[in-house]
Amino acid sequence: MDNFSKRVKTFDAFPKVDPQHQVRSERGGFSTILTYFLGLLLLWIEIGGFLGGYIDRQFMVENIIKSDLRINVDMIVGMPCEYLHTNVEDITRDRYLAGEMLNFEGCNFFIPQGFKINNPNDFHDTPDLEEVMQESLRATFQTEGLRVNEGAPACHIFGSIPVNQVKGEFRITGKGFGYADRRKIPLESLNFSHAIQEFSFGEFYPFINNPLDATGKVTDKNLQIYIYHAKVVPTIYEKLGLVVDTNQYSITEHHREIITEDQSKRSNTVPPGIYFRYNFEPIKLIIAEKRIPFLQFVAKLGTIGGGLLIAAGYLFRLYEKLLLILFGRRYVDQGKEKRNGGILDNK
């Protein structure tokens with residue numbers, strides 16, 4: 001058995017130095033303490049990173065076209081409700097009278113505090129995973145087709161509209177403009193100033209920030225056109241088993257005033273109103289919080305610890321050599337442990 005143990009020791013890839021041949025010093029003790037401190041700091045960082053996980057973003061082809069997607073709207077338009085006509089039309093020419101689902105409540109036109117008015121919507125901070133999870137409180141509008149106080153000077157429009165997940169347009173125009181109607185609103189009564197509290201796609205999460213939320217436009221022109229172009233990307237947020245299925249979108253806008261003479265000469269002129277044109281991208285974004293496997297985490301800690309010890313040993317030896325070159329052997333030997341009894345010891 002002893003013979004076998006001796007043979008195994010000869011194959012030791014990491015031979016150890018016997019304690020009687022080791023020399024302790026103040027610099028060596030300080031470097032050891034510093035190495036342990038760095039090791040504990042790295043251990044703390046790695047454990048925190050493991051528990052906190054990491055954010056993984058993946059794109060995949062959207063292979064499902066939803067037929068029950070919803071557009072969520074909450075806005076104020078500066079015209080009486082009885083003057084307004086709402087409609088949805090998609091690329092398949094499928095029309096839906098949005099007024100049957102939306103609620104119309106007469107009110108006075110006002111701009112809530114904190115709204116961005118007449119600013120270009122060319123910048124928007126995309127909410128991160130933590131923000132979405134904190135604000136992912138699902139809600140629904142309790143009423144549909146409500147009509148209250150329609151003779152008021154402005155109209156509060158709110159509700160959800162079921163649409164197909166294809167390219168389409170949601171329109172708010174005056175009665176008699178663009179559609180045959182028994183009543184045509186006088187030009188001087190048109191006013192498409194508006195304040196948007198909510199405009200989103202999919203499940204209604206009222207606290208998630210969207211590009212058109214808390215924005216608006218105010219005008220004194222009667223024949224004004226506002227066109228919003230939205231590029232919608234279906235997005236799934238995942239964290240600790242919780243899944244939020246929603247839609248992000250980017251927005252570009254265009255607005256102009258119609259010249260009455262031009263409108264009479266061109267039959268294809270877009271009627272004055274507010275237009276939300278949307279197009280769904282054929283991809284889906286998945287944002288998920290993940291953690292590395294536990295065995296991989298342990299192996300990572302071992303690799304970091306071993307690398308730290310090796311690097312600390314090389315740096316300490318390099319430091320000792322620099323001291324030897326700059327100050328000589330006498331300075332290097334200061335503070336080292338003295339061992340007596342060797343045959344070369346001075347008498």
# chains A, B, ... in the order shown; residues from 1 in each chain; ligands from 1

call {"tool": "select_by_dssp", "arguments": {"residues": "stretch 70-214 of chain A", "states": "strand (DSSP E or B)", "output": "ChimeraX atom specification"}}
result
/A:70-77,84-90,95-96,103-107,116-117,147-148,154-163,168-174,194-202

call {"tool": "residues_around", "arguments": {"residues": "stretch 74-86 of chain A", "least_positions_apart": "3", "cutoff": "6 Å", "atoms": "only C-alpha atoms", "output": "tab-separated table (two decimals) with N, CA, C and O atoms, in the first residue's frame"}}
result
chain	number	residue	atom	x	y	z
A	98	ALA	N	-66.59	50.88	-35.29
A	98	ALA	CA	-66.01	50.94	-33.95
A	98	ALA	C	-66.96	51.59	-32.96
A	98	ALA	O	-66.87	51.35	-31.75
A	99	GLY	N	-67.87	52.45	-33.45
A	99	GLY	CA	-68.79	53.12	-32.55
A	99	GLY	C	-69.70	52.18	-31.80
A	99	GLY	O	-70.25	52.54	-30.74
A	109	PHE	N	-63.43	70.05	-23.35
A	109	PHE	CA	-62.08	69.70	-23.81
A	109	PHE	C	-61.04	70.30	-22.87
A	109	PHE	O	-61.10	71.48	-22.52
A	150	GLU	N	-74.05	63.68	-25.07
A	150	GLU	CA	-73.45	63.83	-26.40
A	150	GLU	C	-73.41	65.27	-26.90
A	150	GLU	O	-72.67	65.59	-27.81
A	151	GLY	N	-74.21	66.15	-26.33
A	151	GLY	CA	-74.23	67.54	-26.78
A	151	GLY	C	-73.14	68.41	-26.20
A	151	GLY	O	-73.06	69.60	-26.52
A	152	ALA	N	-72.26	67.85	-25.35
A	152	ALA	CA	-71.16	68.63	-24.75
A	152	ALA	C	-70.17	69.06	-25.83
A	152	ALA	O	-70.10	68.46	-26.91
A	153	PRO	N	-69.38	70.11	-25.57
A	153	PRO	CA	-68.46	70.63	-26.61
A	153	PRO	C	-67.32	69.69	-27.01
A	153	PRO	O	-66.71	69.88	-28.05
A	154	ALA	N	-67.02	68.70	-26.21
A	154	ALA	CA	-65.96	67.74	-26.54
A	154	ALA	C	-66.45	66.33	-26.21
A	154	ALA	O	-67.50	66.15	-25.59
A	155	CYS	N	-65.67	65.33	-26.64
A	155	CYS	CA	-66.11	63.95	-26.49
A	155	CYS	C	-64.98	63.09	-25.94
A	155	CYS	O	-63.85	63.10	-26.47
A	156	HIS	N	-65.28	62.37	-24.89
A	156	HIS	CA	-64.36	61.40	-24.31
A	156	HIS	C	-64.66	60.04	-24.93
A	156	HIS	O	-65.73	59.46	-24.70
A	157	ILE	N	-63.72	59.51	-25.71
A	157	ILE	CA	-63.89	58.23	-26.39
A	157	ILE	C	-63.01	57.20	-25.69
A	157	ILE	O	-61.80	57.40	-25.56
A	158	PHE	N	-63.59	56.09	-25.26
A	158	PHE	CA	-62.79	55.06	-24.60
A	158	PHE	C	-63.44	53.71	-24.84
A	158	PHE	O	-64.66	53.59	-25.05
A	171	ARG	N	-60.18	55.13	-37.80
A	171	ARG	CA	-60.45	56.50	-38.24
A	171	ARG	C	-61.45	57.18	-37.32
A	171	ARG	O	-62.42	56.58	-36.87
A	172	ILE	N	-61.19	58.45	-37.08
A	172	ILE	CA	-62.14	59.32	-36.40
A	172	ILE	C	-62.37	60.53	-37.31
A	172	ILE	O	-61.46	61.34	-37.51
A	173	THR	N	-63.54	60.63	-37.88
A	173	THR	CA	-63.86	61.71	-38.81
A	173	THR	C	-65.18	62.35	-38.41
A	173	THR	O	-65.87	61.88	-37.50
A	174	GLY	N	-65.54	63.44	-39.10
A	174	GLY	CA	-66.83	64.07	-38.89
A	174	GLY	C	-67.90	63.42	-39.74
A	174	GLY	O	-67.62	62.92	-40.84
A	175	LYS	N	-69.09	63.39	-39.27
A	175	LYS	CA	-70.19	62.77	-40.02
A	175	LYS	C	-70.40	63.52	-41.33
A	175	LYS	O	-70.43	64.76	-41.37
A	191	ASN	N	-63.34	70.20	-35.42
A	191	ASN	CA	-62.20	70.51	-34.55
A	191	ASN	C	-61.61	69.18	-34.08
A	191	ASN	O	-62.19	68.49	-33.25
A	192	PHE	N	-60.47	68.84	-34.61
A	192	PHE	CA	-59.85	67.54	-34.30
A	192	PHE	C	-58.68	67.68	-33.33
A	192	PHE	O	-57.75	66.87	-33.34
A	193	SER	N	-58.72	68.69	-32.49
A	193	SER	CA	-57.79	68.73	-31.36
A	193	SER	C	-58.07	67.51	-30.48
A	193	SER	O	-59.23	67.15	-30.26
A	194	HIS	N	-57.03	66.90	-29.97
A	194	HIS	CA	-57.24	65.67	-29.21
A	194	HIS	C	-56.13	65.47	-28.19
A	194	HIS	O	-55.00	65.97	-28.35
A	195	ALA	N	-56.47	64.74	-27.14
A	195	ALA	CA	-55.52	64.34	-26.09
A	195	ALA	C	-55.68	62.84	-25.89
A	195	ALA	O	-56.78	62.36	-25.60
A	196	ILE	N	-54.57	62.10	-26.03
A	196	ILE	CA	-54.60	60.63	-25.97
A	196	ILE	C	-54.08	60.17	-24.62
A	196	ILE	O	-52.92	60.40	-24.28
A	197	GLN	N	-54.95	59.54	-23.86
A	197	GLN	CA	-54.54	58.95	-22.59
A	197	GLN	C	-53.99	57.54	-22.77
A	197	GLN	O	-53.04	57.14	-22.11
A	198	GLU	N	-54.60	56.78	-23.67
A	198	GLU	CA	-54.21	55.38	-23.89
A	198	GLU	C	-54.42	55.01	-25.34
A	198	GLU	O	-55.47	55.29	-25.92

call {"tool": "residues_around", "arguments": {"residues": "A:Thr35", "least_positions_apart": "4", "cutoff": "8 Å", "atoms": "only C-alpha atoms", "output": "mmCIF file with N, CA, C and O atoms, in the first residue's frame"}}
result
data_model
loop_
_atom_site.group_PDB
_atom_site.id
_atom_site.type_symbol
_atom_site.label_atom_id
_atom_site.label_comp_id
_atom_site.auth_asym_id
_atom_site.auth_seq_id
_atom_site.Cartn_x
_atom_site.Cartn_y
_atom_site.Cartn_z
ATOM 1 N N SER A 31 -0.377 40.100 0.678
ATOM 2 C CA SER A 31 -0.899 39.646 -0.621
ATOM 3 C C SER A 31 -1.922 38.529 -0.447
ATOM 4 O O SER A 31 -2.907 38.450 -1.193
ATOM 5 N N GLY A 39 -11.259 37.406 -3.677
ATOM 6 C CA GLY A 39 -12.030 36.180 -3.894
ATOM 7 C C GLY A 39 -13.437 36.278 -3.316
ATOM 8 O O GLY A 39 -14.419 35.876 -3.961
ATOM 9 N N LEU A 308 -7.861 33.211 -10.065
ATOM 10 C CA LEU A 308 -7.450 34.267 -9.152
ATOM 11 C C LEU A 308 -6.186 33.878 -8.383
ATOM 12 O O LEU A 308 -5.258 34.684 -8.235
ATOM 13 N N LEU A 309 -6.114 32.639 -7.886
ATOM 14 C CA LEU A 309 -4.939 32.196 -7.135
ATOM 15 C C LEU A 309 -3.688 32.173 -8.013
ATOM 16 O O LEU A 309 -2.597 32.588 -7.597
ATOM 17 N N ALA A 312 -2.652 35.761 -8.737
ATOM 18 C CA ALA A 312 -2.062 36.386 -7.555
ATOM 19 C C ALA A 312 -0.635 35.883 -7.327
ATOM 20 O O ALA A 312 0.256 36.661 -6.955
#

call {"tool": "residues_around", "arguments": {"residues": "stretch 238-242 of chain A", "least_positions_apart": "3", "cutoff": "9 Å", "atoms": "only C-alpha atoms", "output": "number ranges by chain"}}
result
A: 129-130, 133, 245, 286-290

call {"tool": "decode", "arguments": {"residues": "stretch 173-197 of chain A", "atoms": "N, CA, C and O atoms", "output": "PDB file, in the first residue's frame"}}
result
ATOM      1  N   THR A 173     -63.543  60.629 -37.879  1.00  0.00           N
ATOM      2  CA  THR A 173     -63.863  61.710 -38.811  1.00  0.00           C
ATOM      3  C   THR A 173     -65.184  62.351 -38.405  1.00  0.00           C
ATOM      4  O   THR A 173     -65.875  61.879 -37.495  1.00  0.00           O
ATOM      5  N   GLY A 174     -65.540  63.436 -39.100  1.00  0.00           N
ATOM      6  CA  GLY A 174     -66.825  64.073 -38.887  1.00  0.00           C
ATOM      7  C   GLY A 174     -67.896  63.415 -39.738  1.00  0.00           C
ATOM      8  O   GLY A 174     -67.624  62.921 -40.840  1.00  0.00           O
ATOM      9  N   LYS A 175     -69.088  63.389 -39.267  1.00  0.00           N
ATOM     10  CA  LYS A 175     -70.187  62.773 -40.017  1.00  0.00           C
ATOM     11  C   LYS A 175     -70.401  63.522 -41.329  1.00  0.00           C
ATOM     12  O   LYS A 175     -70.426  64.758 -41.366  1.00  0.00           O
ATOM     13  N   GLY A 176     -70.542  62.740 -42.405  1.00  0.00           N
ATOM     14  CA  GLY A 176     -70.729  63.317 -43.728  1.00  0.00           C
ATOM     15  C   GLY A 176     -69.437  63.556 -44.475  1.00  0.00           C
ATOM     16  O   GLY A 176     -69.463  63.950 -45.641  1.00  0.00           O
ATOM     17  N   PHE A 177     -68.276  63.287 -43.841  1.00  0.00           N
ATOM     18  CA  PHE A 177     -66.980  63.465 -44.489  1.00  0.00           C
ATOM     19  C   PHE A 177     -66.343  62.088 -44.690  1.00  0.00           C
ATOM     20  O   PHE A 177     -65.957  61.416 -43.735  1.00  0.00           O
ATOM     21  N   GLY A 178     -66.266  61.682 -45.957  1.00  0.00           N
ATOM     22  CA  GLY A 178     -65.660  60.395 -46.282  1.00  0.00           C
ATOM     23  C   GLY A 178     -66.651  59.257 -46.311  1.00  0.00           C
ATOM     24  O   GLY A 178     -66.366  58.216 -46.896  1.00  0.00           O
ATOM     25  N   TYR A 179     -67.808  59.399 -45.691  1.00  0.00           N
ATOM     26  CA  TYR A 179     -68.829  58.355 -45.661  1.00  0.00           C
ATOM     27  C   TYR A 179     -70.196  58.994 -45.886  1.00  0.00           C
ATOM     28  O   TYR A 179     -70.451  60.132 -45.465  1.00  0.00           O
ATOM     29  N   ALA A 180     -71.044  58.232 -46.538  1.00  0.00           N
ATOM     30  CA  ALA A 180     -72.419  58.707 -46.730  1.00  0.00           C
ATOM     31  C   ALA A 180     -73.150  58.682 -45.396  1.00  0.00           C
ATOM     32  O   ALA A 180     -73.118  57.681 -44.677  1.00  0.00           O
ATOM     33  N   ASP A 181     -73.739  59.808 -45.053  1.00  0.00           N
ATOM     34  CA  ASP A 181     -74.436  59.902 -43.778  1.00  0.00           C
ATOM     35  C   ASP A 181     -75.641  60.819 -43.943  1.00  0.00           C
ATOM     36  O   ASP A 181     -75.635  61.743 -44.769  1.00  0.00           O
ATOM     37  N   ARG A 182     -76.659  60.575 -43.141  1.00  0.00           N
ATOM     38  CA  ARG A 182     -77.849  61.406 -43.218  1.00  0.00           C
ATOM     39  C   ARG A 182     -77.575  62.834 -42.770  1.00  0.00           C
ATOM     40  O   ARG A 182     -78.314  63.755 -43.100  1.00  0.00           O
ATOM     41  N   ARG A 183     -76.499  63.012 -42.051  1.00  0.00           N
ATOM     42  CA  ARG A 183     -76.173  64.331 -41.524  1.00  0.00           C
ATOM     43  C   ARG A 183     -74.737  64.685 -41.884  1.00  0.00           C
ATOM     44  O   ARG A 183     -73.828  63.864 -41.755  1.00  0.00           O
ATOM     45  N   LYS A 184     -74.534  65.899 -42.346  1.00  0.00           N
ATOM     46  CA  LYS A 184     -73.194  66.375 -42.652  1.00  0.00           C
ATOM     47  C   LYS A 184     -72.876  67.569 -41.773  1.00  0.00           C
ATOM     48  O   LYS A 184     -73.642  68.545 -41.713  1.00  0.00           O
ATOM     49  N   ILE A 185     -71.764  67.497 -41.110  1.00  0.00           N
ATOM     50  CA  ILE A 185     -71.375  68.523 -40.162  1.00  0.00           C
ATOM     51  C   ILE A 185     -70.845  69.742 -40.914  1.00  0.00           C
ATOM     52  O   ILE A 185     -70.052  69.606 -41.854  1.00  0.00           O
ATOM     53  N   PRO A 186     -71.222  70.944 -40.534  1.00  0.00           N
ATOM     54  CA  PRO A 186     -70.652  72.140 -41.170  1.00  0.00           C
ATOM     55  C   PRO A 186     -69.137  72.209 -40.957  1.00  0.00           C
ATOM     56  O   PRO A 186     -68.612  71.777 -39.928  1.00  0.00           O
ATOM     57  N   LEU A 187     -68.448  72.766 -41.939  1.00  0.00           N
ATOM     58  CA  LEU A 187     -66.987  72.837 -41.855  1.00  0.00           C
ATOM     59  C   LEU A 187     -66.527  73.590 -40.611  1.00  0.00           C
ATOM     60  O   LEU A 187     -65.540  73.228 -39.975  1.00  0.00           O
ATOM     61  N   GLU A 188     -67.233  74.662 -40.262  1.00  0.00           N
ATOM     62  CA  GLU A 188     -66.811  75.471 -39.125  1.00  0.00           C
ATOM     63  C   GLU A 188     -66.978  74.747 -37.787  1.00  0.00           C
ATOM     64  O   GLU A 188     -66.457  75.196 -36.754  1.00  0.00           O
ATOM     65  N   SER A 189     -67.688  73.593 -37.788  1.00  0.00           N
ATOM     66  CA  SER A 189     -67.874  72.831 -36.545  1.00  0.00           C
ATOM     67  C   SER A 189     -66.794  71.778 -36.333  1.00  0.00           C
ATOM     68  O   SER A 189     -66.744  71.155 -35.269  1.00  0.00           O
ATOM     69  N   LEU A 190     -65.947  71.569 -37.331  1.00  0.00           N
ATOM     70  CA  LEU A 190     -64.906  70.558 -37.216  1.00  0.00           C
ATOM     71  C   LEU A 190     -63.770  71.048 -36.315  1.00  0.00           C
ATOM     72  O   LEU A 190     -63.296  72.181 -36.459  1.00  0.00           O
ATOM     73  N   ASN A 191     -63.336  70.202 -35.424  1.00  0.00           N
ATOM     74  CA  ASN A 191     -62.199  70.508 -34.549  1.00  0.00           C
ATOM     75  C   ASN A 191     -61.610  69.182 -34.083  1.00  0.00           C
ATOM     76  O   ASN A 191     -62.195  68.493 -33.255  1.00  0.00           O
ATOM     77  N   PHE A 192     -60.465  68.836 -34.613  1.00  0.00           N
ATOM     78  CA  PHE A 192     -59.851  67.544 -34.301  1.00  0.00           C
ATOM     79  C   PHE A 192     -58.679  67.678 -33.327  1.00  0.00           C
ATOM     80  O   PHE A 192     -57.753  66.866 -33.341  1.00  0.00           O
ATOM     81  N   SER A 193     -58.715  68.690 -32.495  1.00  0.00           N
ATOM     82  CA  SER A 193     -57.789  68.729 -31.361  1.00  0.00           C
ATOM     83  C   SER A 193     -58.070  67.510 -30.482  1.00  0.00           C
ATOM     84  O   SER A 193     -59.233  67.149 -30.265  1.00  0.00           O
ATOM     85  N   HIS A 194     -57.032  66.897 -29.967  1.00  0.00           N
ATOM     86  CA  HIS A 194     -57.240  65.667 -29.207  1.00  0.00           C
ATOM     87  C   HIS A 194     -56.125  65.469 -28.188  1.00  0.00           C
ATOM     88  O   HIS A 194     -55.004  65.968 -28.352  1.00  0.00           O
ATOM     89  N   ALA A 195     -56.472  64.741 -27.137  1.00  0.00           N
ATOM     90  CA  ALA A 195     -55.524  64.341 -26.093  1.00  0.00           C
ATOM     91  C   ALA A 195     -55.680  62.838 -25.887  1.00  0.00           C
ATOM     92  O   ALA A 195     -56.779  62.363 -25.601  1.00  0.00           O
ATOM     93  N   ILE A 196     -54.572  62.095 -26.033  1.00  0.00           N
ATOM     94  CA  ILE A 196     -54.604  60.630 -25.972  1.00  0.00           C
ATOM     95  C   ILE A 196     -54.080  60.168 -24.619  1.00  0.00           C
ATOM     96  O   ILE A 196     -52.917  60.398 -24.279  1.00  0.00           O
ATOM     97  N   GLN A 197     -54.946  59.536 -23.864  1.00  0.00           N
ATOM     98  CA  GLN A 197     -54.544  58.953 -22.586  1.00  0.00           C
ATOM     99  C   GLN A 197     -53.994  57.540 -22.769  1.00  0.00           C
ATOM    100  O   GLN A 197     -53.038  57.141 -22.113  1.00  0.00           O
TER     101      GLN A 197
END
